[in-house]
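Participant: upload-v8.txt is reproduced below (compact mmCIF, C-alpha atoms and all ligand atoms).
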```txt
# COMPACT_ATOMS: atom_id res chain seq x y z
CA MET A 1 22.64 47.54 14.43
CA SER A 2 19.80 49.48 12.85
CA GLN A 3 18.04 47.67 9.99
CA GLY A 4 15.84 48.58 7.08
CA PHE A 5 12.29 47.21 6.86
CA SER A 6 13.13 44.49 4.30
CA THR A 7 16.04 43.18 6.32
CA ALA A 8 13.91 43.14 9.48
CA CYS A 9 11.28 41.06 7.65
CA LEU A 10 13.86 38.42 6.80
CA HIS A 11 16.19 38.08 9.76
CA GLY A 12 16.01 37.40 13.47
CA PHE A 13 13.73 34.36 13.23
CA LYS A 14 16.31 31.90 14.41
CA ASP A 15 15.16 31.35 17.99
CA PHE A 16 12.92 28.37 17.26
CA THR A 17 15.02 25.63 18.75
CA THR A 18 12.55 24.48 21.42
CA ASN A 19 12.25 20.73 21.21
CA LYS A 20 9.48 20.02 23.68
CA ALA A 21 6.43 19.92 21.41
CA HIS A 22 4.16 17.06 22.52
CA VAL A 23 3.04 16.43 18.94
CA LEU A 24 5.46 15.98 16.05
CA PRO A 25 6.04 19.39 14.42
CA ILE A 26 5.78 19.89 10.66
CA PHE A 27 9.29 20.90 9.62
CA ALA A 28 8.27 22.96 6.61
CA SER A 29 11.82 23.90 5.77
CA SER A 30 13.45 23.12 2.45
CA SER A 31 16.93 23.33 3.97
CA PHE A 32 18.76 23.12 7.28
CA MET A 33 21.49 25.48 8.40
CA PHE A 34 25.10 24.78 9.28
CA ASP A 35 26.97 26.36 12.20
CA ASP A 36 30.13 26.80 10.16
CA LEU A 37 32.02 25.30 7.24
CA ASP A 38 33.27 22.23 9.13
CA HIS A 39 29.78 21.45 10.50
CA GLY A 40 28.39 21.60 6.94
CA ILE A 41 31.07 19.28 5.63
CA SER A 42 30.57 16.71 8.38
CA ILE A 43 26.80 16.62 7.82
CA PHE A 44 27.15 16.43 4.04
CA THR A 45 29.63 13.56 4.36
CA LYS A 46 27.41 11.83 6.97
CA VAL A 47 30.18 11.94 9.60
CA GLU A 48 27.70 13.71 11.86
CA PRO A 49 23.92 13.13 11.83
CA GLY A 50 21.92 16.08 10.61
CA HIS A 51 19.71 17.35 7.86
CA VAL A 52 20.74 19.12 4.69
CA TYR A 53 17.84 19.60 2.33
CA SER A 54 14.29 18.22 2.50
CA ARG A 55 14.53 16.37 -0.80
CA TYR A 56 17.32 14.37 0.90
CA ASN A 57 15.42 13.95 4.14
CA ASN A 58 13.55 15.93 6.77
CA PRO A 59 12.92 15.40 10.50
CA THR A 60 9.11 15.12 10.17
CA ILE A 61 9.34 12.70 7.26
CA GLN A 62 12.05 10.54 8.81
CA THR A 63 10.26 10.28 12.17
CA VAL A 64 7.20 8.83 10.44
CA ALA A 65 9.29 6.55 8.18
CA ASP A 66 11.10 5.18 11.26
CA LYS A 67 7.72 4.48 12.90
CA ILE A 68 6.57 2.44 9.90
CA ALA A 69 9.86 0.48 9.95
CA GLN A 70 9.26 -0.21 13.65
CA LEU A 71 5.69 -1.45 13.03
CA GLU A 72 6.77 -3.71 10.16
CA THR A 73 9.52 -5.28 12.31
CA LEU A 74 7.84 -5.30 15.75
CA GLY A 75 8.34 -8.73 17.30
CA THR A 76 10.00 -10.16 14.18
CA GLY A 77 13.65 -9.86 15.23
CA VAL A 78 14.37 -8.19 11.89
CA GLU A 79 16.08 -4.81 11.64
CA ALA A 80 14.77 -2.67 8.80
CA SER A 81 14.89 0.90 7.59
CA ALA A 82 12.30 2.96 5.78
CA PHE A 83 11.80 5.99 3.57
CA LEU A 84 8.61 7.85 2.79
CA THR A 85 7.93 8.63 -0.85
CA SER A 86 5.63 10.95 -2.77
CA SER A 87 3.17 8.09 -3.49
CA GLY A 88 2.79 4.33 -3.40
CA MET A 89 3.67 4.29 -7.10
CA SER A 90 6.99 6.07 -6.61
CA ALA A 91 7.83 3.68 -3.76
CA ILE A 92 7.32 0.72 -6.12
CA TYR A 93 9.25 2.39 -8.93
CA ILE A 94 12.24 3.33 -6.77
CA VAL A 95 12.53 -0.17 -5.27
CA MET A 96 12.27 -1.97 -8.59
CA GLN A 97 14.61 0.46 -10.33
CA SER A 98 17.12 -0.01 -7.50
CA LEU A 99 16.87 -3.82 -7.60
CA LEU A 100 16.86 -4.52 -11.33
CA LYS A 101 19.02 -3.67 -14.31
CA PRO A 102 18.41 -4.02 -18.06
CA GLY A 103 18.27 -7.71 -19.01
CA ASP A 104 16.87 -8.78 -15.64
CA THR A 105 13.43 -10.35 -15.38
CA LEU A 106 10.82 -9.43 -12.79
CA LEU A 107 8.42 -12.22 -11.85
CA ALA A 108 5.17 -10.46 -10.97
CA GLN A 109 1.94 -11.75 -9.55
CA LYS A 110 -0.77 -11.83 -12.20
CA LYS A 111 -3.38 -9.96 -10.19
CA LEU A 112 -2.03 -6.72 -8.81
CA TYR A 113 -3.20 -3.20 -8.17
CA GLY A 114 -3.91 -1.89 -11.70
CA GLY A 115 -1.40 0.96 -11.47
CA THR A 116 1.37 -1.49 -10.52
CA THR A 117 0.82 -3.68 -13.58
CA GLU A 118 0.75 -0.56 -15.76
CA LEU A 119 3.94 0.78 -14.12
CA PHE A 120 5.75 -2.48 -14.84
CA GLN A 121 4.64 -2.44 -18.48
CA LYS A 122 5.09 1.26 -19.24
CA SER A 123 8.01 2.29 -17.02
CA LEU A 124 10.11 -0.78 -16.19
CA ALA A 125 9.77 -2.67 -19.49
CA PRO A 126 11.02 0.27 -21.63
CA ASN A 127 14.08 0.39 -19.32
CA GLY A 128 14.98 -3.12 -20.51
CA ILE A 129 13.44 -5.10 -17.64
CA LEU A 130 11.43 -8.13 -18.69
CA ILE A 131 8.12 -8.66 -16.93
CA LEU A 132 6.83 -12.18 -16.43
CA SER A 133 3.36 -12.41 -14.86
CA MET A 134 1.95 -15.55 -13.31
CA ASP A 135 -0.36 -16.92 -10.67
CA LEU A 136 1.88 -17.14 -7.60
CA SER A 137 -0.45 -19.54 -5.82
CA ASN A 138 0.85 -22.26 -8.16
CA LEU A 139 4.06 -22.97 -6.21
CA VAL A 140 5.16 -25.85 -8.45
CA ALA A 141 4.97 -23.60 -11.52
CA VAL A 142 6.86 -20.81 -9.70
CA GLU A 143 9.67 -23.18 -8.80
CA GLU A 144 9.80 -24.49 -12.37
CA VAL A 145 10.03 -20.99 -13.83
CA LEU A 146 12.82 -19.98 -11.43
CA LYS A 147 14.73 -23.17 -12.20
CA ASN A 148 14.60 -22.49 -15.93
CA ASP A 149 15.19 -18.73 -16.02
CA ASN A 150 18.17 -17.34 -14.14
CA SER A 151 17.49 -13.82 -15.41
CA ILE A 152 14.72 -13.58 -12.79
CA LYS A 153 16.11 -11.35 -10.05
CA ALA A 154 12.99 -10.34 -8.12
CA ILE A 155 9.46 -11.50 -7.30
CA TYR A 156 6.72 -8.95 -6.69
CA LEU A 157 3.48 -9.79 -4.93
CA GLU A 158 0.44 -8.39 -3.17
CA THR A 159 -1.77 -10.32 -0.72
CA PRO A 160 -4.73 -10.04 -0.35
CA SER A 161 -4.73 -8.80 -3.94
CA ASN A 162 -6.90 -6.27 -5.70
CA PRO A 163 -9.84 -6.59 -6.41
CA THR A 164 -10.72 -10.25 -5.69
CA LEU A 165 -8.65 -10.58 -2.48
CA ASP A 166 -6.61 -13.56 -3.67
CA ILE A 167 -4.17 -14.89 -1.09
CA VAL A 168 -0.54 -15.73 -1.82
CA ASP A 169 1.48 -17.85 0.61
CA ILE A 170 4.21 -15.33 1.45
CA GLY A 171 6.39 -17.82 3.33
CA ALA A 172 6.31 -20.39 0.53
CA ILE A 173 7.20 -17.83 -2.16
CA ALA A 174 9.94 -16.23 -0.04
CA SER A 175 11.55 -19.58 0.68
CA ILE A 176 11.50 -20.71 -2.97
CA ALA A 177 12.91 -17.29 -3.93
CA LYS A 178 15.72 -17.68 -1.41
CA THR A 179 16.83 -21.01 -2.91
CA PHE A 180 17.28 -19.29 -6.25
CA ASN A 181 18.84 -16.15 -4.77
CA VAL A 182 15.91 -14.03 -5.89
CA GLN A 183 14.70 -11.02 -3.86
CA THR A 184 11.08 -10.68 -2.78
CA VAL A 185 9.02 -7.49 -2.65
CA VAL A 186 5.59 -7.42 -0.99
CA ASP A 187 2.98 -4.68 -1.32
CA ASN A 188 1.53 -4.68 2.20
CA THR A 189 -1.00 -1.87 1.59
CA PHE A 190 -4.21 -3.89 2.10
CA PRO A 191 -3.37 -5.65 5.39
CA THR A 192 -0.91 -3.13 6.96
CA PRO A 193 1.69 -4.41 9.46
CA TYR A 194 -1.04 -4.74 12.10
CA LEU A 195 -2.61 -7.66 10.22
CA GLN A 196 0.37 -9.04 8.32
CA GLN A 197 4.15 -8.76 8.75
CA PRO A 198 5.93 -10.06 5.62
CA PHE A 199 9.33 -9.84 7.36
CA LEU A 200 8.27 -12.80 9.52
CA TYR A 201 8.49 -14.94 6.39
CA GLY A 202 11.89 -13.82 5.11
CA VAL A 203 10.67 -11.20 2.64
CA ASP A 204 13.35 -8.67 1.63
CA HIS A 205 11.40 -5.49 0.90
CA ILE A 206 7.95 -4.10 1.68
CA ILE A 207 6.22 -1.23 -0.04
CA HIS A 208 3.11 0.69 1.00
CA SER A 209 0.67 3.09 -0.46
CA THR A 210 0.29 4.94 2.86
CA THR A 211 -2.52 6.84 1.11
CA LYS A 212 -4.79 3.96 2.16
CA TYR A 213 -5.01 2.33 5.61
CA LEU A 214 -1.81 3.67 7.17
CA ASN A 215 -3.14 7.21 6.80
CA GLY A 216 -6.73 6.04 7.05
CA HIS A 217 -8.42 9.40 6.55
CA GLY A 218 -8.06 9.88 2.81
CA ASN A 219 -6.33 13.23 3.08
CA SER A 220 -2.86 12.63 1.67
CA ILE A 221 -0.97 10.73 -1.00
CA ALA A 222 2.28 9.07 0.07
CA GLY A 223 4.18 5.80 0.00
CA ALA A 224 6.79 3.92 1.99
CA ILE A 225 9.73 1.67 1.22
CA VAL A 226 10.75 -0.64 4.06
CA SER A 227 13.69 -3.00 3.66
CA ARG A 228 15.84 -5.33 5.73
CA HIS A 229 18.77 -4.51 3.45
CA ASN A 230 19.78 -1.52 5.53
CA GLU A 231 23.09 -0.73 3.85
CA TRP A 232 21.50 -0.90 0.38
CA MET A 233 18.73 1.43 1.59
CA GLN A 234 21.17 4.09 2.78
CA THR A 235 23.21 3.94 -0.42
CA THR A 236 21.35 2.77 -3.55
CA VAL A 237 17.75 3.50 -2.59
CA TRP A 238 18.44 6.83 -0.90
CA THR A 239 20.51 7.97 -3.88
CA GLN A 240 17.69 7.12 -6.33
CA LEU A 241 15.11 8.75 -4.08
CA LYS A 242 16.95 12.05 -3.71
CA LEU A 243 18.00 12.23 -7.37
CA ILE A 244 14.58 11.41 -8.78
CA GLY A 245 13.07 13.69 -6.14
CA ALA A 246 10.28 11.31 -5.17
CA THR A 247 10.56 12.20 -1.48
CA CYS A 248 7.42 12.69 0.60
CA ASN A 249 6.58 16.18 1.88
CA PRO A 250 6.39 17.15 5.57
CA PHE A 251 2.67 17.94 5.58
CA ASP A 252 1.59 14.61 4.06
CA ALA A 253 4.00 12.83 6.41
CA TRP A 254 2.39 14.63 9.33
CA LEU A 255 -1.13 13.65 8.25
CA LEU A 256 0.13 10.07 8.06
CA TYR A 257 1.61 10.43 11.56
CA ASN A 258 -1.84 11.33 12.89
CA GLY A 259 -3.44 8.35 11.17
CA LEU A 260 -0.87 5.84 12.38
CA LYS A 261 -1.76 6.42 16.02
CA THR A 262 -5.13 4.68 15.60
CA LEU A 263 -4.05 2.01 13.10
CA ALA A 264 -4.71 -0.97 15.39
CA LEU A 265 -8.14 0.31 16.48
CA ARG A 266 -9.16 1.02 12.93
CA MET A 267 -7.96 -2.30 11.51
CA ASP A 268 -9.81 -4.23 14.23
CA ARG A 269 -13.06 -2.44 13.37
CA HIS A 270 -12.52 -2.62 9.59
CA SER A 271 -11.96 -6.38 9.95
CA SER A 272 -14.94 -7.14 12.19
CA ASN A 273 -17.28 -5.00 10.07
CA ALA A 274 -16.07 -6.63 6.83
CA MET A 275 -16.48 -10.10 8.35
CA ALA A 276 -20.10 -9.39 9.31
CA ILE A 277 -20.87 -7.90 5.89
CA ALA A 278 -19.22 -10.79 4.02
CA ALA A 279 -21.45 -13.22 5.93
CA LEU A 280 -24.57 -11.20 5.07
CA LEU A 281 -23.58 -11.03 1.39
CA GLU A 282 -22.89 -14.75 1.26
CA SER A 283 -26.40 -15.52 2.48
CA HIS A 284 -28.29 -13.13 0.15
CA PRO A 285 -30.01 -14.59 -2.94
CA GLU A 286 -29.03 -11.63 -5.18
CA VAL A 287 -25.30 -12.20 -4.52
CA GLY A 288 -23.09 -14.65 -6.40
CA ASN A 289 -19.41 -14.96 -5.48
CA VAL A 290 -18.23 -13.19 -2.33
CA TYR A 291 -14.49 -12.62 -2.10
CA TYR A 292 -13.28 -12.20 1.48
CA PRO A 293 -10.40 -14.23 2.94
CA GLY A 294 -12.15 -14.37 6.33
CA LEU A 295 -14.91 -16.59 4.94
CA LYS A 296 -14.35 -20.31 5.50
CA SER A 297 -15.53 -20.88 1.92
CA ASN A 298 -12.70 -18.71 0.54
CA LYS A 299 -9.92 -20.64 -1.19
CA GLY A 300 -7.22 -18.58 0.53
CA HIS A 301 -8.78 -18.84 4.00
CA ASP A 302 -6.38 -21.38 5.52
CA ILE A 303 -3.24 -19.52 4.44
CA ALA A 304 -4.75 -16.15 5.36
CA SER A 305 -5.63 -17.45 8.85
CA VAL A 306 -1.93 -18.09 9.46
CA GLN A 307 -0.38 -15.03 7.84
CA MET A 308 -3.10 -12.58 8.93
CA PRO A 309 -3.58 -13.72 12.54
CA ARG A 310 -5.40 -10.62 13.81
CA GLY A 311 -8.04 -10.31 11.12
CA PHE A 312 -8.66 -10.25 7.40
CA GLY A 313 -8.91 -6.53 6.78
CA GLY A 314 -11.59 -4.22 5.46
CA MET A 315 -11.53 -5.02 1.74
CA LEU A 316 -14.05 -7.32 0.11
CA SER A 317 -15.71 -7.76 -3.24
CA PHE A 318 -18.82 -9.55 -4.40
CA GLU A 319 -20.84 -10.24 -7.51
CA LEU A 320 -24.42 -9.25 -8.08
CA SER A 321 -26.03 -12.05 -10.08
CA ARG A 322 -28.11 -9.69 -12.22
CA HIS A 323 -24.99 -7.85 -13.31
CA LEU A 324 -25.07 -4.20 -14.51
CA PRO A 325 -28.76 -3.47 -13.88
CA ALA A 326 -28.37 -4.81 -10.34
CA VAL A 327 -25.14 -2.84 -9.85
CA LYS A 328 -26.90 0.38 -10.89
CA SER A 329 -29.80 -0.31 -8.55
CA PHE A 330 -27.51 -1.20 -5.63
CA LEU A 331 -25.37 1.92 -6.10
CA LYS A 332 -28.47 4.10 -6.31
CA ASN A 333 -29.91 2.75 -3.07
CA ILE A 334 -26.87 2.31 -0.86
CA ARG A 335 -26.61 5.21 1.61
CA LEU A 336 -23.51 4.64 3.74
CA ALA A 337 -21.01 3.82 1.00
CA THR A 338 -19.47 6.58 -1.12
CA GLN A 339 -18.51 5.83 -4.71
CA ALA A 340 -14.84 6.80 -4.83
CA PRO A 341 -11.77 5.23 -6.41
CA THR A 342 -9.72 4.74 -3.28
CA LEU A 343 -9.71 2.47 -0.24
CA GLY A 344 -8.69 2.31 3.39
CA ASP A 345 -10.53 5.42 4.57
CA VAL A 346 -12.45 5.38 7.85
CA ASP A 347 -15.75 5.66 5.99
CA THR A 348 -17.13 2.97 3.69
CA LEU A 349 -16.31 3.24 -0.01
CA ILE A 350 -17.57 1.35 -3.03
CA MET A 351 -16.25 0.92 -6.54
CA HIS A 352 -17.27 -0.89 -9.73
CA PRO A 353 -13.96 -2.26 -11.13
CA ALA A 354 -15.28 -3.14 -14.62
CA THR A 355 -16.04 0.52 -15.37
CA SER A 356 -13.15 2.08 -13.44
CA SER A 357 -9.85 0.36 -12.56
CA HIS A 358 -10.34 -2.33 -15.23
CA LEU A 359 -11.92 -0.17 -17.95
CA ASN A 360 -8.91 -0.50 -20.25
CA ILE A 361 -8.43 -4.24 -19.80
CA PRO A 362 -9.93 -6.38 -22.60
CA GLU A 363 -13.28 -7.82 -21.50
CA GLU A 364 -12.15 -11.43 -21.94
CA ASP A 365 -9.08 -10.89 -19.73
CA ARG A 366 -10.92 -9.06 -16.97
CA ILE A 367 -13.67 -11.67 -16.81
CA ARG A 368 -11.03 -14.40 -16.53
CA GLU A 369 -9.65 -12.44 -13.54
CA GLY A 370 -13.08 -12.44 -11.91
CA VAL A 371 -13.86 -8.81 -12.77
CA THR A 372 -17.31 -9.38 -14.21
CA ASP A 373 -19.87 -6.63 -14.84
CA GLY A 374 -21.55 -7.60 -11.57
CA LEU A 375 -18.46 -7.25 -9.38
CA LEU A 376 -18.39 -4.53 -6.72
CA ARG A 377 -15.42 -3.80 -4.47
CA MET A 378 -16.02 -2.34 -1.04
CA SER A 379 -13.66 -0.78 1.43
CA ILE A 380 -15.60 -1.32 4.64
CA GLY A 381 -15.33 1.57 7.09
CA VAL A 382 -15.49 1.84 10.86
CA GLU A 383 -19.18 2.84 11.10
CA ASP A 384 -21.47 1.00 13.52
CA THR A 385 -21.78 -2.58 12.29
CA SER A 386 -25.57 -2.69 12.56
CA ASP A 387 -25.98 0.48 10.45
CA LEU A 388 -23.81 -0.93 7.67
CA LEU A 389 -25.64 -4.27 7.73
CA LYS A 390 -29.05 -2.60 7.58
CA ASP A 391 -27.97 -0.36 4.73
CA ILE A 392 -26.53 -3.16 2.61
CA GLN A 393 -29.54 -5.37 3.29
CA GLN A 394 -32.01 -2.69 2.10
CA ALA A 395 -29.97 -1.92 -1.03
CA LEU A 396 -29.84 -5.64 -1.91
CA ASP A 397 -33.55 -6.14 -1.18
CA LYS A 398 -34.43 -3.29 -3.58
CA ILE A 399 -32.87 -5.09 -6.55
CA ASN A 400 -35.81 -5.88 -8.78
CA PRO A 401 -35.93 -9.65 -9.38
CA SER A 402 -37.43 -9.10 -12.85
CA ILE A 403 -34.27 -7.38 -14.22
CA SER A 404 -31.40 -9.27 -15.71
C1 LIG A 501 -3.29 2.66 -4.12
C2 LIG A 501 -2.37 1.52 -4.23
C3 LIG A 501 -1.09 1.66 -4.80
C4 LIG A 501 -0.61 2.98 -5.38
O1 LIG A 501 -0.46 3.94 -4.38
P1 LIG A 501 -0.62 5.53 -4.58
O2 LIG A 501 -0.42 6.05 -3.21
O3 LIG A 501 -1.96 5.79 -5.17
O4 LIG A 501 0.47 5.94 -5.52
C5 LIG A 501 -0.28 0.55 -4.84
N1 LIG A 501 -0.68 -0.65 -4.36
C6 LIG A 501 -1.90 -0.82 -3.81
C7 LIG A 501 -2.29 -2.16 -3.30
C8 LIG A 501 -2.79 0.25 -3.73
O5 LIG A 501 -4.00 0.06 -3.19
```
Mind turning the file's structure into structure tokens?

Facilitator:
Amino acid sequence: MSQGFSTACLHGFKDFTTNKAHVLPIFASSSFMFDDLDHGISIFTKVEPGHVYSRYNNPTIQTVADKIAQLETLGTGVEASAFLTSSGMSAIYIVMQSLLKPGDTLLAQKKLYGGTTELFQKSLAPNGILILSMDLSNLVAVEEVLKNDNSIKAIYLETPSNPTLDIVDIGAIASIAKTFNVQTVVDNTFPTPYLQQPFLYGVDHIIHSTTKYLNGHGNSIAGAIVSRHNEWMQTTVWTQLKLIGATCNPFDAWLLYNGLKTLALRMDRHSSNAMAIAALLESHPEVGNVYYPGLKSNKGHDIASVQMPRGFGGMLSFELSRHLPAVKSFLKNIRLATQAPTLGDVDTLIMHPATSSHLNIPEEDRIREGVTDGLLRMSIGVEDTSDLLKDIQQALDKINPSIS
């Protein structure tokens, strides 16, 4: 049949069904076609597997989500399913919104990623969900609170936590939660499943900001929801995800796919570099507190050694004793750490929480949380260990001992 130019531009592209690509293709297609009416109906009604519309799901996105579910469950005997979301924040929101209803209380760890605390206060609380924050390392207090308040339906935690790397005993919290029929949600962004598998301890749901270590290269924003409640995932969570439209996009999923391949290698190097740097910091006269769960002096070390058997990750923070003037000097002289408000990239990053993530928190509160003016948080990269050590040493040595 002869065609006009416009028609020829649009049609006859359909022969792309080869399936032998070695690397996962980016399915940049908003929709997927049906052979005929019956085929469409059976896919829409989930009688037959298939894709409909990329806000619902997409082959690139689902392949990567399935991989994360596999890594979180590997060797645990747990079966879980996963979805990728547009960000870590939307993953947290969708899970909490799917778990809780107005009148329910969420028991949240006191120290969390700043955005998470803000999300609970500004998005969940106005929806009628009560937020109760407490130190989850006090197990007796946690048990007491659960005993006295049966409106608590979920516990949310993060370990190691931002920015002082506090450790929560996941197994202890999950088992107390179970006695009171309360669901547990763990943000596993900092350790990744290579260093810590919350499902081993009976946790119900895991969320990730894949923006950080899972991607590892700082080139995409995305999140993941992983849950052992498979039926609930395919009904409640999937419905929320597709209706709110917080689905990931194929390109960001594909960037994440590339990063995941080297996760184990990267986490090993992040951990060994951070361990060496923590030891150097601990021995330097200009440094006060060093927060790294790998240090024997750290209060969470014993628990972390059990629940993070392969290493303690790449995040650490430390205090410069001469506070702001020392921080300014250190930041001016450090060469191999970039000042940027993210973490988990392959290169070393540094951040001053008091003037960034904690800027809007009252001074008294942030100091009580350990976020003093002298605190610096580092995301240690995979550079050569000796180069990082030399660089940090010279930046510390240049702090003028006459400032304060
Ligand atoms: C970054 C981060 C988040 C939020 O993730 P986004 O991808 O930025 O939305 C949540 N939790 C932790 C621990 C994070 O580091």

Participant: Please extract the residues at most 10 Å from ligand LIG 501 (chain A), counting only C-alpha atoms and all ligand atoms, and provide them as a PyMOL selection string, using the chain letters and residue numbers of this document.

Facilitator: chain A and resi 85-92+112-117+157-163+186-191+207-213+220-224+341-344

Participant: Please provide as a PDB file with C-alpha atoms, keeping the file's coordinate frame all residues within 6 Å of A:Leu349, with the sequence filter that same-chain residues fewer than 5 positions apart are discarded (counting all atoms listed in the file).

Facilitator:
```pdb
ATOM      1  CA  ALA A 337     -21.010   3.820   1.000  1.00  0.00           C
ATOM      2  CA  THR A 338     -19.470   6.580  -1.120  1.00  0.00           C
ATOM      3  CA  GLN A 339     -18.510   5.830  -4.710  1.00  0.00           C
ATOM      4  CA  MET A 378     -16.020  -2.340  -1.040  1.00  0.00           C
ATOM      5  CA  SER A 379     -13.660  -0.780   1.430  1.00  0.00           C
TER       6      SER A 379
END
```

Participant: Neighbourhood query: residues within 8 Å of (-15.3, -4.2, 11.9), file coordinates, counting all atoms listed in the file; return as a list in words.

Facilitator: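 With a cut-off of 8 Å, the residues come to Met267, Asp268, Arg269, His270, Ser271, Ser272, Asn273, Ala274, Met275, Ala276, Gly314, Ile380, Gly381, Val382 and Thr385 of chain A.
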
Participant: Suppose you want the space between atom CA of A:Ser175 and atom CA of A:Val306; what is it in Å?

Facilitator: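 Interatomic distance here is 16.2 Å.
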
Participant: Tell me which of A:Gly202, A:Pro193, A:Gly374, A:Pro59 sits closest to A:Asn19, counting all atoms listed in the file.

Facilitator: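 So, comparing all the options, the nearest one is A:Pro59.
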
Participant: Report as a count of residues only all protein, DNA and RNA residues lying within 6 Å of stretch 93-108 of chain A, evaluated on only C-alpha atoms, omitting residues in the same chain fewer than 6 positions from it.

Facilitator: 11

Participant: Within 9 Å of stretch 390-395 of chain A, counting only C-alpha atoms, which residues qualify if same-chain residues fewer than 4 places away don't, as an MDAnalysis selection string?

Facilitator: chainID A and resid 277 280:281 284 329:337 385:386 399

Participant: Which is closest to A:Leu295 among A:Leu165, A:Glu319, A:Asp365, A:Gly77, if we use only C-alpha atoms?

Facilitator: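 Closest to A:Leu295 of all the choices is A:Leu165.
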
Participant: Find, counting only C-alpha atoms, the residue in A:Ala125, A:Leu195, A:Ile244, A:Ile173 that gets nearest to A:Val140.

Facilitator: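 Looking at the shortest contact to A:Val140, the residue is A:Ile173.
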
Participant: Could you tell me how far atom CA of A:Pro250 lies from atom CA of A:Gln62, in Å and to one decimal?

Facilitator: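 Straight-line distance from atom CA of A:Pro250 to atom CA of A:Gln62 works out to 9.3 Å.
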
Participant: To one decimal in Å, tell me the separation between atom CA of A:Ser81 and atom CA of A:Leu255.

Facilitator: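 Here the two named atoms are 20.5 Å from each other.
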
Participant: Using all atoms listed in the file, which of the listed residues (A:Met233, A:Leu214, A:Met315, A:Val145) sits closest to A:Trp254?

Facilitator: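 Of all the options, A:Leu214 lies closest to A:Trp254.
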
Participant: Might you pull out every residue within 8 Å of A:Asn289, with all atoms listed in the file counted and same-chain residues fewer than 2 positions away left off, and present them as a list in words?

Facilitator: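 Surrounding residues, per the criterion: Glu282, Val287, Tyr291, Phe318 and Glu319 of chain A.
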
Participant: Which of these, A:Leu359, A:Leu256, A:Leu74, A:Val327, has the shortest distance to A:Ile403 once you count all atoms listed in the file?

Facilitator: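 Counting all atoms listed in the file, the residue closest to A:Ile403 is A:Val327.
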
Participant: Rank nothing, just name the residue among A:Leu375, A:Glu364, A:His229, A:Arg266 nearest to A:Asp347, using all atoms listed in the file.

Facilitator: A:Arg266
